[in-house]
Amino acid sequence: DALETEFPLFPLGLVAVPHELVPLHIFEARYRLMVGECLDEEREFGIVWASPDGLRDVGCAVEIAEVVERLEDGRLNILVRGTRPFRLHERSDALGYPAGTVEWLDDELEEPEEEAAAETREAYRVLVAAATEHELDDEDLAEMDAYRMAATVEFGPDAKQALLELRSEEARLRLLTRLLRAASKRLDLIGRAEAR
């Protein structure tokens, strides 16, 4: 698989997945340098989860979707969008900011069972309706893969990291179905508690 060297990295206490929009506040000098270069060269950088157990080796590349605000002291508020997963092979500090050699991760070539996708989309529809009172129609849902659905729900970093590390869409769909149902159950419990 293709390796890319000197790929800019941003270790954070969060996990991004493809299609997800993540707001970032950039204040450290080395990350201001990194983001400045990524903007100039229109290139991605990678978000890797600095978990309590250490830096994970599978991360998600992001593109800068928007510079929301440039502050006078050089700090930036930006919005990034997840693009594609990678595995970090080795780290490098030669650029003045964290970087590394990464391998772009492809999925296994298999079409997920339609049943798995249908179950996930139904669980997603139920959760979105409960959380937002917005009914998704079949057309909207038909275009959504596991990452697109996961990108809009606030799961914890462990759950998102697990999704990111799976190399099969069917496996992602099955995990996501469980996560969505658990989230619906939590919402339901909160709703019942508030009703009391």
# chains A, B, ... in the order shown; residues from 1 in each chain; ligands from 1
call {"tool": "select_by_dssp", "arguments": {"residues": "stretch 38-104 of chain A", "states": "alpha helix (DSSP H)", "output": "ChimeraX atom specification"}}
result
/A:38-41
call {"tool": "residues_around", "arguments": {"residues": "stretch 51-56 of chain A", "least_positions_apart": "6", "cutoff": "12 Å", "atoms": "only C-alpha atoms", "output": "PyMOL selection string"}}
result
chain A and resi 9-15+86-91+156-158+161-162+164-165
call {"tool": "residues_around", "arguments": {"residues": "stretch 166-177 of chain A", "least_positions_apart": "3", "cutoff": "6 Å", "atoms": "only C-alpha atoms", "output": "PyMOL selection string"}}
result
chain A and resi 107-108+112+120+146+163+180
call {"tool": "residues_around", "arguments": {"residues": "A:Ala151", "least_positions_apart": "4", "cutoff": "7 Å", "atoms": "only C-alpha atoms", "output": "PyMOL selection string"}}
result
chain A and resi 17+19-20+147
call {"tool": "residues_around", "arguments": {"residues": "stretch 61-64 of chain A", "least_positions_apart": "5", "cutoff": "7 Å", "atoms": "only C-alpha atoms", "output": "NGL selection string"}}
result
:A and (43-47 or 79-85)
call {"tool": "closest_atom_pairs", "arguments": {"of": "stretch 67-132 of chain A", "to": "stretch 29-34 of chain A", "cutoff": "8 Å", "atoms": "only C-alpha atoms", "output": "CSV"}}
result
residue,atom,partner,partner_atom,distance
A:Gly74,CA,A:Arg32,CA,7.5
A:Arg75,CA,A:Arg32,CA,7.0
A:Leu76,CA,A:Arg32,CA,7.5
A:Gly96,CA,A:Arg30,CA,6.2
A:Tyr97,CA,A:Arg30,CA,5.0
call {"tool": "atom_distance", "arguments": {"atom1": "atom CA of A:Asp138", "atom2": "atom CA of A:Glu115"}}
result
14.7 Å
call {"tool": "residues_around", "arguments": {"residues": "stretch 124-127 of chain A", "least_positions_apart": "3", "cutoff": "7 Å", "atoms": "only C-alpha atoms", "output": "list in words"}}
result
Thr120, Arg121, Ala130, Ala131, Leu136, Leu180 and Ser184 of chain A
call {"tool": "write_last_selection", "arguments": {"atoms": "all heavy atoms", "output": "PDB file, in the first residue's frame"}}
result
ATOM      1  N   THR A 120     -28.757  -0.859   9.958  1.00  0.00           N
ATOM      2  CA  THR A 120     -28.054   0.321  10.474  1.00  0.00           C
ATOM      3  C   THR A 120     -28.824   1.591  10.153  1.00  0.00           C
ATOM      4  O   THR A 120     -28.983   2.470  11.004  1.00  0.00           O
ATOM      5  CB  THR A 120     -26.635   0.416   9.858  1.00  0.00           C
ATOM      6  OG1 THR A 120     -25.998  -0.847   9.966  1.00  0.00           O
ATOM      7  CG2 THR A 120     -25.798   1.464  10.587  1.00  0.00           C
ATOM      8  N   ARG A 121     -29.304   1.670   8.924  1.00  0.00           N
ATOM      9  CA  ARG A 121     -30.027   2.888   8.517  1.00  0.00           C
ATOM     10  C   ARG A 121     -31.300   3.062   9.336  1.00  0.00           C
ATOM     11  O   ARG A 121     -31.680   4.175   9.675  1.00  0.00           O
ATOM     12  CB  ARG A 121     -30.345   2.835   7.014  1.00  0.00           C
ATOM     13  CG  ARG A 121     -29.085   3.001   6.188  1.00  0.00           C
ATOM     14  CD  ARG A 121     -29.356   3.032   4.699  1.00  0.00           C
ATOM     15  NE  ARG A 121     -28.086   3.118   3.995  1.00  0.00           N
ATOM     16  CZ  ARG A 121     -27.721   2.308   3.006  1.00  0.00           C
ATOM     17  NH1 ARG A 121     -28.540   1.350   2.590  1.00  0.00           N
ATOM     18  NH2 ARG A 121     -26.547   2.455   2.426  1.00  0.00           N
ATOM     19  N   ALA A 130     -35.552  10.673  17.267  1.00  0.00           N
ATOM     20  CA  ALA A 130     -35.693  10.875  18.714  1.00  0.00           C
ATOM     21  C   ALA A 130     -34.906  12.100  19.182  1.00  0.00           C
ATOM     22  O   ALA A 130     -35.350  12.845  20.051  1.00  0.00           O
ATOM     23  CB  ALA A 130     -35.209   9.633  19.459  1.00  0.00           C
ATOM     24  N   ALA A 131     -33.734  12.306  18.584  1.00  0.00           N
ATOM     25  CA  ALA A 131     -32.850  13.384  19.056  1.00  0.00           C
ATOM     26  C   ALA A 131     -33.240  14.745  18.478  1.00  0.00           C
ATOM     27  O   ALA A 131     -33.051  15.768  19.126  1.00  0.00           O
ATOM     28  CB  ALA A 131     -31.406  13.058  18.698  1.00  0.00           C
ATOM     29  N   LEU A 136     -35.875  11.348   8.592  1.00  0.00           N
ATOM     30  CA  LEU A 136     -35.064  11.172   7.379  1.00  0.00           C
ATOM     31  C   LEU A 136     -35.847  10.318   6.387  1.00  0.00           C
ATOM     32  O   LEU A 136     -36.481   9.341   6.781  1.00  0.00           O
ATOM     33  CB  LEU A 136     -33.759  10.462   7.721  1.00  0.00           C
ATOM     34  CG  LEU A 136     -32.755  11.252   8.552  1.00  0.00           C
ATOM     35  CD1 LEU A 136     -31.663  10.333   9.078  1.00  0.00           C
ATOM     36  CD2 LEU A 136     -32.125  12.351   7.700  1.00  0.00           C
ATOM     37  N   LEU A 180     -25.731   2.803  17.715  1.00  0.00           N
ATOM     38  CA  LEU A 180     -26.914   3.644  17.511  1.00  0.00           C
ATOM     39  C   LEU A 180     -28.057   3.204  18.417  1.00  0.00           C
ATOM     40  O   LEU A 180     -28.764   4.023  19.000  1.00  0.00           O
ATOM     41  CB  LEU A 180     -27.352   3.591  16.040  1.00  0.00           C
ATOM     42  CG  LEU A 180     -26.419   4.279  15.032  1.00  0.00           C
ATOM     43  CD1 LEU A 180     -26.758   3.841  13.605  1.00  0.00           C
ATOM     44  CD2 LEU A 180     -26.490   5.795  15.148  1.00  0.00           C
ATOM     45  N   SER A 184     -29.897   5.366  21.305  1.00  0.00           N
ATOM     46  CA  SER A 184     -31.361   5.556  21.349  1.00  0.00           C
ATOM     47  C   SER A 184     -31.896   5.168  22.720  1.00  0.00           C
ATOM     48  O   SER A 184     -32.773   5.834  23.273  1.00  0.00           O
ATOM     49  CB  SER A 184     -32.045   4.701  20.273  1.00  0.00           C
ATOM     50  OG  SER A 184     -31.857   5.271  18.998  1.00  0.00           O
TER      51      SER A 184
END
call {"tool": "closest_residue", "arguments": {"among": "A:Asp140, A:Phe27, A:Ala50, A:Ala183", "to": "A:Glu154", "atoms": "only C-alpha atoms"}}
result
A:Ala183
